[in-house]
>>> print(open('start02.cif').read())   # mmCIF, C-alpha atoms
data_entry
#
loop_
_atom_site.label_atom_id
_atom_site.label_comp_id
_atom_site.auth_asym_id
_atom_site.auth_seq_id
_atom_site.Cartn_x
_atom_site.Cartn_y
_atom_site.Cartn_z
CA MET A 25 0.00 0.00 0.00
CA SER A 26 2.65 2.45 0.96
CA GLU A 27 4.75 1.28 -1.88
CA ILE A 28 5.19 3.05 -5.13
CA GLN A 29 6.68 1.04 -7.88
CA THR A 30 8.24 2.71 -10.82
CA LYS A 31 8.75 0.47 -13.73
CA ASP A 32 11.33 1.44 -16.20
CA SER A 33 9.79 1.90 -19.55
CA GLY A 34 12.45 -0.06 -21.36
CA GLY A 35 11.14 -3.35 -20.09
CA GLY A 36 13.24 -6.37 -20.80
CA LYS A 37 15.24 -4.89 -23.61
CA LYS A 38 17.85 -3.36 -21.41
CA LYS A 39 18.53 -6.52 -19.51
CA LYS A 40 21.70 -7.18 -21.21
CA GLY A 41 24.22 -4.47 -21.32
CA GLY A 42 23.33 -0.85 -20.89
CA SER A 43 22.59 0.65 -17.56
CA LYS A 44 21.09 -1.73 -15.09
CA GLN A 45 18.05 0.11 -13.99
CA LYS A 46 16.31 -1.89 -11.35
CA LYS A 47 12.72 -1.63 -10.37
CA ILE A 48 12.73 1.14 -7.87
CA SER A 49 10.28 0.67 -5.13
CA VAL A 50 9.61 3.67 -2.95
CA PHE A 51 8.44 2.33 0.34
CA VAL A 52 7.24 4.97 2.74
CA ASP A 53 7.63 3.89 6.30
CA PHE A 54 4.63 4.99 8.29
CA THR A 55 5.90 3.84 11.69
CA PRO A 56 7.03 7.28 12.91
CA MET A 57 3.78 8.74 11.69
CA VAL A 58 1.84 6.20 13.72
CA ASP A 59 4.06 6.92 16.72
CA MET A 60 3.33 10.58 16.51
CA ASN A 61 -0.39 10.04 16.08
CA MET A 62 -0.52 7.74 19.04
CA LEU A 63 1.21 10.37 21.12
CA LEU A 64 -1.25 13.02 20.07
CA ILE A 65 -4.19 10.73 20.76
CA THR A 66 -2.88 10.02 24.23
CA PHE A 67 -2.50 13.73 24.82
CA PHE A 68 -6.03 14.48 23.74
CA MET A 69 -7.48 11.61 25.70
CA LEU A 70 -5.83 12.75 28.89
CA CYS A 71 -6.49 16.44 28.53
CA THR A 72 -10.12 16.41 27.60
CA SER A 73 -13.35 15.95 29.39
CA LEU A 74 -15.61 14.17 27.01
CA SER A 75 -18.75 14.30 29.03
CA LYS A 76 -20.09 17.64 29.89
CA PRO A 77 -21.02 18.01 33.51
CA GLN A 78 -24.65 17.66 34.47
CA THR A 79 -26.46 20.42 36.21
CA MET A 80 -29.45 20.89 38.36
CA GLU A 81 -31.48 23.99 38.00
CA ILE A 82 -32.92 25.48 41.12
CA ASN A 83 -34.96 28.52 41.86
CA MET A 84 -34.48 30.07 45.22
CA PRO A 85 -37.10 32.18 46.94
CA SER A 86 -36.41 35.88 46.82
CA ASN A 87 -34.92 37.49 49.86
CA ASP A 88 -36.82 40.66 49.29
CA LYS A 89 -37.95 42.24 52.53
CA LYS A 90 -40.67 44.24 50.80
CA ILE A 91 -42.85 41.24 50.16
CA THR A 92 -45.91 41.54 52.33
CA ASP A 93 -47.58 38.65 54.04
CA ALA A 94 -50.40 38.88 51.54
CA ASP A 95 -48.05 38.02 48.68
CA LYS A 96 -46.65 35.02 50.42
CA SER A 97 -48.23 31.77 49.44
CA MET A 98 -49.16 29.78 52.44
CA VAL A 99 -48.78 26.07 52.33
CA LYS A 100 -51.51 23.86 53.61
CA ALA A 101 -50.26 22.06 56.67
CA SER A 102 -51.56 18.78 55.33
CA GLN A 103 -49.38 19.10 52.22
CA ALA A 104 -46.19 20.23 53.83
CA VAL A 105 -43.32 17.89 54.44
CA THR A 106 -40.27 19.31 56.12
CA LEU A 107 -36.96 17.56 55.72
CA LEU A 108 -34.19 18.33 58.16
CA LEU A 109 -30.81 17.35 56.84
CA THR A 110 -28.25 16.56 59.45
CA GLY A 111 -24.79 15.27 58.76
CA GLY A 112 -24.10 11.67 57.91
CA ASP A 113 -26.69 9.44 56.36
CA SER A 114 -29.64 10.42 58.50
CA ILE A 115 -32.49 12.67 57.53
CA PHE A 116 -35.33 13.77 59.79
CA TYR A 117 -38.74 14.72 58.61
CA TYR A 118 -42.10 15.81 59.89
CA THR A 119 -45.36 16.44 58.15
CA GLY A 120 -47.49 19.50 58.57
CA GLN A 121 -47.02 21.46 61.74
CA PRO A 122 -44.36 20.14 64.03
CA ASP A 123 -45.54 18.80 67.33
CA TYR A 124 -43.15 20.28 69.84
CA LYS A 125 -44.52 18.18 72.68
CA ASP A 126 -44.10 14.77 71.14
CA TYR A 127 -40.55 14.03 70.08
CA ASN A 128 -41.70 11.04 68.08
CA SER A 129 -43.40 13.28 65.54
CA LEU A 130 -39.96 13.92 64.12
CA LYS A 131 -39.12 10.78 62.21
CA LEU A 132 -35.74 9.46 61.30
CA SER A 133 -35.06 8.28 57.79
CA SER A 134 -32.17 7.79 55.40
CA TYR A 135 -31.17 8.57 51.83
CA LYS A 136 -31.63 4.95 50.85
CA ALA A 137 -34.38 3.92 48.48
CA SER A 138 -36.32 2.43 51.37
CA GLY A 139 -35.94 5.58 53.41
CA ILE A 140 -37.19 9.00 52.49
CA ARG A 141 -37.82 8.03 48.88
CA ALA A 142 -40.39 5.41 49.78
CA PHE A 143 -42.14 7.89 52.05
CA LEU A 144 -42.23 10.65 49.46
CA LEU A 145 -43.34 8.33 46.68
CA LYS A 146 -46.22 7.23 48.87
CA ARG A 147 -47.18 10.81 49.65
CA ASN A 148 -46.98 11.74 46.01
CA SER A 149 -48.37 8.47 44.64
CA ASP A 150 -51.05 10.26 42.65
CA ALA A 151 -48.64 12.36 40.66
CA VAL A 152 -46.11 9.55 40.37
CA SER A 153 -48.60 7.19 38.74
CA LYS A 154 -49.76 9.92 36.38
CA ILE A 155 -46.22 10.72 35.36
CA ASP A 156 -45.55 7.03 34.81
CA ASP A 157 -48.53 6.87 32.47
CA LEU A 158 -47.22 9.92 30.70
CA LYS A 159 -43.80 8.34 30.29
CA GLN A 160 -45.41 5.23 28.83
CA LYS A 161 -47.28 7.36 26.33
CA LYS A 162 -44.10 9.13 25.40
CA LEU A 163 -42.30 5.84 24.91
CA GLN A 164 -45.03 4.75 22.54
CA LEU A 165 -44.42 8.01 20.67
CA LYS A 166 -47.91 9.27 21.24
CA MET A 167 -46.65 12.67 22.29
CA THR A 168 -43.78 15.01 21.69
CA GLN A 169 -41.15 16.06 24.17
CA ASP A 170 -42.69 19.51 24.54
CA GLN A 171 -46.09 18.10 25.34
CA PHE A 172 -44.53 15.74 27.80
CA THR A 173 -42.66 18.44 29.74
CA LYS A 174 -45.72 20.67 29.79
CA GLN A 175 -48.05 18.01 31.07
CA ALA A 176 -45.49 16.67 33.49
CA SER A 177 -45.01 20.06 35.08
CA GLU A 178 -48.78 20.47 35.27
CA ILE A 179 -49.06 17.24 37.18
CA LYS A 180 -46.10 18.04 39.39
CA ASN A 181 -47.52 21.39 40.39
CA GLY A 182 -51.03 20.07 40.76
CA LYS A 183 -53.26 20.93 43.67
CA ASN A 184 -52.79 18.05 46.01
CA THR A 185 -49.12 17.36 45.55
CA PRO A 186 -46.94 17.65 48.63
CA VAL A 187 -44.78 20.68 49.22
CA VAL A 188 -41.36 19.84 50.53
CA ILE A 189 -39.34 22.22 52.62
CA ILE A 190 -35.68 21.33 52.82
CA LYS A 191 -33.78 22.68 55.76
CA ALA A 192 -30.18 21.78 56.31
CA THR A 193 -28.17 22.15 59.46
CA ASP A 194 -24.62 23.41 59.37
CA LYS A 195 -23.38 19.88 59.87
CA ALA A 196 -24.86 18.69 56.60
CA THR A 197 -22.65 18.54 53.55
CA TYR A 198 -23.26 19.70 50.03
CA LYS A 199 -23.74 16.09 49.04
CA ASN A 200 -26.65 15.77 51.45
CA LEU A 201 -28.31 18.76 49.87
CA ILE A 202 -27.86 17.41 46.36
CA ASP A 203 -29.14 14.01 47.46
CA ALA A 204 -32.22 15.61 48.92
CA LEU A 205 -32.81 17.62 45.74
CA ASP A 206 -32.31 14.43 43.81
CA GLU A 207 -35.08 12.74 45.73
CA MET A 208 -37.38 15.57 44.68
CA GLN A 209 -36.68 14.73 41.09
CA ILE A 210 -37.01 11.00 41.52
CA CYS A 211 -40.27 11.40 43.40
CA ASN A 212 -41.62 13.90 40.86
CA ILE A 213 -42.18 16.62 43.40
CA GLY A 214 -42.64 19.96 41.71
CA LYS A 215 -42.91 22.20 44.71
CA TYR A 216 -39.93 22.28 46.98
CA VAL A 217 -37.93 24.97 48.60
CA ILE A 218 -34.62 25.28 50.38
CA ASP A 219 -35.03 27.21 53.56
CA THR A 220 -32.77 28.23 56.37
CA ILE A 221 -33.12 26.27 59.53
CA ALA A 222 -35.06 27.97 62.29
CA ALA A 223 -34.50 27.82 66.02
CA SER A 224 -37.65 25.77 66.40
CA ASP A 225 -36.26 23.12 64.09
CA ARG A 226 -33.05 22.98 66.07
CA PHE A 227 -35.16 22.50 69.16
CA LEU A 228 -36.97 19.60 67.51
CA LEU A 229 -33.71 17.91 66.66
CA LYS A 230 -32.29 18.45 70.10
CA ASN A 231 -35.46 17.30 71.72
CA ARG A 232 -35.46 14.12 69.70
CA ALA A 233 -31.85 13.43 70.53
CA ALA A 234 -32.70 13.83 74.20
CA LYS A 235 -35.83 11.70 73.81
CA GLY A 236 -38.25 14.45 74.70
CA ALA A 237 -36.39 15.77 77.76
CA PHE A 238 -36.72 19.36 76.58
CA SER A 239 -40.40 19.29 75.79
CA ARG A 240 -41.13 17.72 79.18
CA ALA A 241 -39.08 20.38 80.91
CA GLY A 242 -40.81 23.11 78.91
CA GLY A 243 -44.27 21.67 79.50
CA LYS A 244 -44.01 21.74 83.26
CA MET B 2 21.99 -33.51 3.12
CA SER B 3 20.72 -30.51 1.53
CA LYS B 4 19.94 -27.59 3.67
CA VAL B 5 16.36 -26.63 3.97
CA LYS B 6 16.22 -23.24 2.52
CA VAL B 7 14.11 -20.89 4.42
CA ALA B 8 12.71 -18.32 2.19
CA ARG B 9 13.75 -14.87 3.31
CA LYS B 10 10.70 -13.02 4.29
CA SER B 11 10.52 -9.37 4.76
CA THR B 12 9.57 -8.42 8.31
CA ARG B 13 8.28 -5.11 7.25
CA ILE B 14 4.76 -4.39 8.42
CA ASP B 15 2.67 -2.08 6.43
CA MET B 16 1.76 0.73 8.75
CA THR B 17 -0.55 2.56 6.39
CA ALA B 18 -3.72 1.02 7.74
CA MET B 19 -2.61 1.66 11.28
CA SER B 20 -1.88 5.23 10.41
CA ASP B 21 -5.33 5.58 8.91
CA VAL B 22 -6.94 4.39 12.10
CA THR B 23 -4.90 6.65 14.33
CA VAL B 24 -5.57 9.69 12.22
CA LEU B 25 -9.26 8.93 12.39
CA LEU B 26 -9.16 8.60 16.15
CA LEU B 27 -7.16 11.77 16.42
CA THR B 28 -9.68 13.68 14.38
CA PHE B 29 -12.48 12.36 16.55
CA PHE B 30 -10.78 13.44 19.74
CA MET B 31 -9.86 16.82 18.39
CA LEU B 32 -13.39 17.56 17.31
CA THR B 33 -15.25 16.30 20.34
CA SER B 34 -12.96 17.51 23.03
CA THR B 35 -13.40 20.40 25.33
CA PHE B 36 -10.35 21.01 27.38
CA VAL B 37 -10.31 20.45 31.07
CA LYS B 38 -10.11 23.75 32.84
CA LYS B 39 -7.25 24.21 35.19
CA GLU B 40 -8.73 24.50 38.61
CA PRO B 41 -6.82 25.55 41.69
CA VAL B 42 -8.45 22.92 43.85
CA GLN B 43 -9.58 19.40 43.18
CA VAL B 44 -13.31 19.17 43.46
CA THR B 45 -15.44 16.05 43.38
CA THR B 46 -18.98 16.95 42.51
CA PRO B 47 -21.78 14.93 44.03
CA ALA B 48 -23.78 12.65 41.77
CA SER B 49 -27.33 13.32 40.79
CA VAL B 50 -29.96 11.93 38.46
CA SER B 51 -30.44 15.26 36.75
CA GLU B 52 -29.65 15.11 33.07
CA ILE B 53 -29.64 18.74 32.06
CA LYS B 54 -26.46 19.72 30.29
CA ILE B 55 -24.77 22.93 31.13
CA PRO B 56 -24.71 25.58 28.41
CA GLU B 57 -21.30 26.36 27.03
CA THR B 58 -21.15 30.09 26.95
CA ASN B 59 -21.97 32.89 29.34
CA ILE B 60 -21.16 30.92 32.42
CA LEU B 61 -20.02 32.36 35.68
CA SER B 62 -18.86 29.40 37.65
CA ILE B 63 -18.37 29.49 41.34
CA LEU B 64 -15.97 26.87 42.58
CA ILE B 65 -16.15 25.95 46.23
CA ASP B 66 -13.57 23.69 47.78
CA PRO B 67 -14.14 21.48 50.86
CA LYS B 68 -12.56 24.03 53.15
CA GLY B 69 -14.98 26.68 51.96
CA LYS B 70 -12.72 28.73 49.74
CA VAL B 71 -14.50 30.32 46.83
CA PHE B 72 -13.07 30.83 43.37
CA LEU B 73 -14.69 32.35 40.34
CA SER B 74 -14.26 31.95 36.63
CA LEU B 75 -15.78 33.64 33.63
CA ASP B 76 -15.61 32.22 30.15
CA LYS B 77 -15.25 35.44 28.21
CA GLN B 78 -12.09 37.45 28.52
CA SER B 79 -13.79 40.72 27.70
CA ASP B 80 -16.20 40.16 30.57
CA MET B 81 -13.31 39.45 32.88
CA VAL B 82 -11.59 42.71 32.08
CA GLU B 83 -14.71 44.79 32.55
CA THR B 84 -15.59 43.04 35.76
CA LEU B 85 -12.12 43.54 37.15
CA THR B 86 -12.11 47.25 36.42
CA SER B 87 -15.55 47.80 37.91
CA VAL B 88 -14.78 45.74 41.01
CA GLY B 89 -11.52 47.66 41.30
CA LYS B 90 -13.51 50.87 41.20
CA ASP B 91 -15.64 49.65 44.11
CA TYR B 92 -12.52 49.14 46.16
CA GLY B 93 -10.67 52.18 44.92
CA ILE B 94 -8.04 50.27 42.97
CA THR B 95 -7.10 51.06 39.42
CA PHE B 96 -5.24 48.50 37.39
CA THR B 97 -2.55 49.16 34.82
CA PRO B 98 -2.99 47.77 31.30
CA GLY B 99 -0.21 45.29 32.06
CA GLU B 100 -2.06 43.96 35.08
CA ILE B 101 -5.30 43.72 33.17
CA LYS B 102 -3.54 41.77 30.45
CA LYS B 103 -2.25 39.33 33.03
CA PHE B 104 -5.64 39.03 34.64
CA LYS B 105 -7.25 38.31 31.29
CA ILE B 106 -5.38 35.05 30.82
CA LEU B 107 -6.23 33.66 34.24
CA LYS B 108 -8.47 30.62 34.07
CA THR B 109 -9.79 30.90 37.59
CA PHE B 110 -9.43 33.77 39.95
CA GLY B 111 -10.12 34.20 43.60
CA VAL B 112 -7.89 36.60 45.38
CA PRO B 113 -8.82 39.26 47.94
CA MET B 114 -8.79 42.67 46.32
CA LYS B 115 -6.10 44.03 48.58
CA SER B 116 -3.64 41.40 47.41
CA MET B 117 -4.80 41.40 43.79
CA LYS B 118 -2.02 43.69 42.60
CA ALA B 119 0.68 41.64 44.26
CA TYR B 120 -0.88 38.48 42.88
CA LEU B 121 -0.94 39.78 39.33
CA ALA B 122 2.71 40.74 39.60
CA MET B 123 3.72 37.12 40.26
CA SER B 124 4.83 34.66 37.64
CA SER B 125 2.17 32.20 36.57
CA GLU B 126 3.88 29.30 38.37
CA ASN B 127 3.84 31.19 41.63
CA GLN B 128 0.26 32.20 41.01
CA ASP B 129 -0.78 28.56 40.83
CA LYS B 130 1.01 27.82 44.08
CA VAL B 131 -0.51 30.71 45.97
CA LEU B 132 -4.05 30.57 44.59
CA LYS B 133 -4.90 27.41 46.56
CA ASP B 134 -4.65 29.30 49.82
CA MET B 135 -6.49 32.41 48.68
CA GLY B 136 -10.14 32.57 47.70
CA VAL B 137 -12.66 35.36 47.45
CA PRO B 138 -13.72 36.57 50.89
CA THR B 139 -17.39 35.81 51.51
CA ASP B 140 -17.75 36.81 55.14
CA LYS B 141 -20.26 39.42 56.20
CA THR B 142 -17.78 42.19 56.98
CA ASN B 143 -15.89 42.00 53.74
CA ASN B 144 -18.08 40.42 51.12
CA GLU B 145 -16.05 40.82 47.96
CA PHE B 146 -17.88 37.87 46.48
CA LYS B 147 -21.06 39.92 46.22
CA SER B 148 -19.21 42.72 44.51
CA TRP B 149 -17.78 40.33 41.93
CA ILE B 150 -21.15 38.80 41.14
CA LYS B 151 -22.88 42.15 41.01
CA ASN B 152 -20.37 43.62 38.60
CA ALA B 153 -20.23 40.49 36.47
CA ARG B 154 -23.99 40.68 36.12
CA VAL B 155 -23.76 44.32 35.07
CA THR B 156 -21.20 43.50 32.38
CA ASN B 157 -23.08 40.56 30.97
CA LYS B 158 -26.84 40.31 31.25
CA ASP B 159 -27.08 36.76 29.94
CA LEU B 160 -24.72 35.34 32.47
CA ARG B 161 -25.74 32.07 34.05
CA ILE B 162 -24.43 31.22 37.45
CA ALA B 163 -23.21 27.71 38.06
CA ILE B 164 -22.09 26.47 41.43
CA LYS B 165 -19.56 23.71 41.51
CA ALA B 166 -18.85 22.52 44.98
CA ASP B 167 -17.14 19.53 46.50
CA GLN B 168 -19.45 16.91 47.93
CA ASN B 169 -17.91 17.24 51.36
CA THR B 170 -18.32 20.97 51.61
CA PRO B 171 -20.16 21.85 54.79
CA TYR B 172 -23.61 23.26 54.17
CA LYS B 173 -22.69 26.40 56.08
CA VAL B 174 -20.42 27.56 53.27
CA ILE B 175 -23.00 26.80 50.61
CA LYS B 176 -25.58 28.65 52.65
CA ASP B 177 -23.38 31.74 52.82
CA VAL B 178 -22.86 31.70 49.07
CA MET B 179 -26.53 31.08 48.37
CA SER B 180 -27.68 33.84 50.69
CA SER B 181 -25.22 36.26 49.11
CA LEU B 182 -26.71 35.36 45.76
CA GLN B 183 -30.19 35.81 47.14
CA ASP B 184 -29.31 39.26 48.39
CA LEU B 185 -28.37 40.14 44.83
CA ARG B 186 -31.64 38.68 43.58
CA GLU B 187 -29.89 35.96 41.70
CA ASN B 188 -32.54 33.39 42.32
CA ARG B 189 -31.92 31.05 39.43
CA TYR B 190 -28.73 29.16 39.16
CA ASN B 191 -27.32 25.79 38.30
CA LEU B 192 -25.65 23.28 40.53
CA ILE B 193 -23.06 21.22 38.75
CA THR B 194 -23.26 17.52 39.45
CA SER B 195 -22.01 14.34 37.92
CA LEU B 196 -24.24 11.67 36.52
CA LYS B 197 -25.72 8.91 38.61
CA LYS B 198 -27.99 6.14 37.46
CA VAL B 199 -30.89 5.45 39.75
CA SER B 200 -34.00 3.45 39.19
CA ALA B 201 -37.14 5.17 40.32
CA LYS B 202 -38.29 2.42 42.61
#
>>> encode(input="start02.cif", output="structure tokens")
Amino acid sequence: MSEIQTKDSGGGKKKKGGSKQKKISVFVDFTPMVDMNMLLITFFMLCTSLSKPQTMEINMPSNDKKITDADKSMVKASQAVTLLLTGGDSIFYYTGQPDYKDYNSLKLSSYKASGIRAFLLKRNSDAVSKIDDLKQKKLQLKMTQDQFTKQASEIKNGKNTPVVIIKATDKATYKNLIDALDEMQICNIGKYVIDTIAASDRFLLKNRAAKGAFSRAGGK
Amino acid sequence: MSKVKVARKSTRIDMTAMSDVTVLLLTFFMLTSTFVKKEPVQVTTPASVSEIKIPETNILSILIDPKGKVFLSLDKQSDMVETLTSVGKDYGITFTPGEIKKFKILKTFGVPMKSMKAYLAMSSENQDKVLKDMGVPTDKTNNEFKSWIKNARVTNKDLRIAIKADQNTPYKVIKDVMSSLQDLRENRYNLITSLKKVSAK
């Protein structure tokens, strides 16, 4: 392939006598070329990031002090789920209004599939089943991507879907926060918010750790 | 006994095909690659199921290392220059064209304003060494971070903010950054994560 043969035009006539012109074969050696290419490939493979990083889009509530109470949307207590992220693998949650008297109202869960995910999927079972139907329809090519996203967001922000409030303590890591946000996506929860932890939430955590010692002391 | 004559065979291997393949591969890598940005600190992003890709241009990325140091990077050099001059104005520092030129080629920056001039005077090797221990101050008394974001937003309206933080960063640091952003009414931003496969049930 990398050989170029030049045949002398004289053919056999010049065999005897005359100048002995041999068949010249020009053989180009590609080995150095391959070497160089391999080097370049190695360089590119090591210096590049092929996959672009994934992102998560979040909307934070505005910090504006001017917002009056009338503008604030109140969440029905029956729909609210508050997650308290502490460090490690544990996650505490309560539904609706916290019960400061009963330390057992604050429940312990984990980031595992059987933990908080199972709970949220159960709470949101209505929307989850609808979204599953929608996904099936999309797989059967009955709808376009645009229709799918529109309808999915309608379902997610529907009336009776739970509203999740995520509060993280200072001990929690960034990973915990991302994991919690991830659960929102897996469980198809459209309404969630990241809030700063309040003193009352700290009290709940402390009270639970002390098995209700604080609420008993406060009650008396 | 006659010797068995072994026919002399040429050991030459034709490398043309090999060369073809390598050139092809090379072309593929050259076309698909985006270069890894040089970052002052190693950051492992947490995994998530989110599959949204990050846009390529107009990104202001905020890099947060496990110790809570904050670094910034902008993808357009013109934005960087304008932001630097306007932030400098806020702090009463004017930069010489030479300093601006040096700032322009920085991939990531994150130096307190008072040491910015000294930092820009260093050689690039020394800059890399020192940058690890610097970081934009985010504390309440001296929040230069806010000033950077504010001025970057003024220079480029379409800027998207992306936060890239290590998975072991304490939430306290993230909270500070997020509340600074909230104060500036930057309520939409992206969190950079790596991909994780999770089944829904």
>>> atom_distance(input="start02.cif", atom1="CA of Leu182 (chain B)", atom2="CA of Asp225 (chain A)")
24.0 Å
>>> resolve_selection(input="start02.cif", expression="the PyMOL selection byres ((chain A) within 9 of (chain B))", output="PyMOL selection string")
chain A and resi 25-26+52-55+57-59+61-62+64-65+68-69+71-88+111+137-138+141-142+145+192-203+205-207+209-211+220
>>> residues_around(input="start02.cif", residues="Ala104 (chain A)", least_positions_apart="6", cutoff="7 Å", atoms="only C-alpha atoms", output="list in words")
Thr119, Gly120, Pro186, Val187 and Val188 of chain A
>>> resolve_selection(input="start02.cif", expression="the PyMOL selection byres ((chain A and resi 129) around 10)", output="list in words")
Phe116, Tyr117, Tyr118, Thr119, Gln121, Pro122, Asp123, Tyr124, Lys125, Asp126, Tyr127, Asn128, Leu130, Lys131, Leu132, Leu228 and Arg232 of chain A
>>> axis_aligned_box(input="start02.cif", around="region 148-156 of chain B", padding_each_side="4 Å", output="AutoDock Vina command-line options")
--center_x -20.9 --center_y 41.6 --center_z 38.4 --size_x 14.2 --size_y 13.5 --size_z 20.1
>>> closest_residue(input="start02.cif", among="B:Gly136, B:Glu100, B:Lys105, B:Asp76", to="Leu121 (chain B)", atoms="all atoms listed in the file")
B:Glu100
>>> atom_distance(input="start02.cif", atom1="CA of Asn144 (chain B)", atom2="CA of Val71 (chain B)")
11.5 Å
>>> atom_distance(input="start02.cif", atom1="CA of Leu109 (chain A)", atom2="CA of Ala237 (chain A)")
21.7 Å
>>> residues_around(input="start02.cif", residues="Lys70 (chain B)", least_positions_apart="3", cutoff="9 Å", atoms="all atoms listed in the file", output="list in words")
Leu64, Ile65, Asp66, Pro67, Gly111, Lys133, Asp134, Met135, Gly136, Val137, Pro138, Thr139 and Val174 of chain B
>>> write_last_selection(input="start02.cif", atoms="C-alpha atoms", output="PDB file, in the coordinates of the input")
ATOM      1  CA  LEU B  64     -15.970  26.870  42.580  1.00  0.00           C
ATOM      2  CA  ILE B  65     -16.150  25.950  46.230  1.00  0.00           C
ATOM      3  CA  ASP B  66     -13.570  23.690  47.780  1.00  0.00           C
ATOM      4  CA  PRO B  67     -14.140  21.480  50.860  1.00  0.00           C
ATOM      5  CA  GLY B 111     -10.120  34.200  43.600  1.00  0.00           C
ATOM      6  CA  LYS B 133      -4.900  27.410  46.560  1.00  0.00           C
ATOM      7  CA  ASP B 134      -4.650  29.300  49.820  1.00  0.00           C
ATOM      8  CA  MET B 135      -6.490  32.410  48.680  1.00  0.00           C
ATOM      9  CA  GLY B 136     -10.140  32.570  47.700  1.00  0.00           C
ATOM     10  CA  VAL B 137     -12.660  35.360  47.450  1.00  0.00           C
ATOM     11  CA  PRO B 138     -13.720  36.570  50.890  1.00  0.00           C
ATOM     12  CA  THR B 139     -17.390  35.810  51.510  1.00  0.00           C
ATOM     13  CA  VAL B 174     -20.420  27.560  53.270  1.00  0.00           C
TER      14      VAL B 174
END
>>> resolve_selection(input="start02.cif", expression="the PyMOL selection byres ((chain B and resi 108) around 10)", output="number ranges by chain")
B: 38-41, 73-76, 78, 104-107, 109-110
>>> closest_residue(input="start02.cif", among="B:Ala8, B:Gly69, B:Thr58, B:Gly89", to="Asn152 (chain B)", atoms="only C-alpha atoms")
B:Gly89
>>> decode(input="start02.cif", residues="region 159-205 of chain A", atoms="C-alpha atoms", output="CSV table (one decimal), in the first residue's frame")
chain,number,residue,atom,x,y,z
A,159,LYS,CA,-43.8,8.3,30.3
A,160,GLN,CA,-45.4,5.2,28.8
A,161,LYS,CA,-47.3,7.4,26.3
A,162,LYS,CA,-44.1,9.1,25.4
A,163,LEU,CA,-42.3,5.8,24.9
A,164,GLN,CA,-45.0,4.7,22.5
A,165,LEU,CA,-44.4,8.0,20.7
A,166,LYS,CA,-47.9,9.3,21.2
A,167,MET,CA,-46.7,12.7,22.3
A,168,THR,CA,-43.8,15.0,21.7
A,169,GLN,CA,-41.2,16.1,24.2
A,170,ASP,CA,-42.7,19.5,24.5
A,171,GLN,CA,-46.1,18.1,25.3
A,172,PHE,CA,-44.5,15.7,27.8
A,173,THR,CA,-42.7,18.4,29.7
A,174,LYS,CA,-45.7,20.7,29.8
A,175,GLN,CA,-48.1,18.0,31.1
A,176,ALA,CA,-45.5,16.7,33.5
A,177,SER,CA,-45.0,20.1,35.1
A,178,GLU,CA,-48.8,20.5,35.3
A,179,ILE,CA,-49.1,17.2,37.2
A,180,LYS,CA,-46.1,18.0,39.4
A,181,ASN,CA,-47.5,21.4,40.4
A,182,GLY,CA,-51.0,20.1,40.8
A,183,LYS,CA,-53.3,20.9,43.7
A,184,ASN,CA,-52.8,18.0,46.0
A,185,THR,CA,-49.1,17.4,45.6
A,186,PRO,CA,-46.9,17.6,48.6
A,187,VAL,CA,-44.8,20.7,49.2
A,188,VAL,CA,-41.4,19.8,50.5
A,189,ILE,CA,-39.3,22.2,52.6
A,190,ILE,CA,-35.7,21.3,52.8
A,191,LYS,CA,-33.8,22.7,55.8
A,192,ALA,CA,-30.2,21.8,56.3
A,193,THR,CA,-28.2,22.1,59.5
A,194,ASP,CA,-24.6,23.4,59.4
A,195,LYS,CA,-23.4,19.9,59.9
A,196,ALA,CA,-24.9,18.7,56.6
A,197,THR,CA,-22.7,18.5,53.6
A,198,TYR,CA,-23.3,19.7,50.0
A,199,LYS,CA,-23.7,16.1,49.0
A,200,ASN,CA,-26.7,15.8,51.5
A,201,LEU,CA,-28.3,18.8,49.9
A,202,ILE,CA,-27.9,17.4,46.4
A,203,ASP,CA,-29.1,14.0,47.5
A,204,ALA,CA,-32.2,15.6,48.9
A,205,LEU,CA,-32.8,17.6,45.7
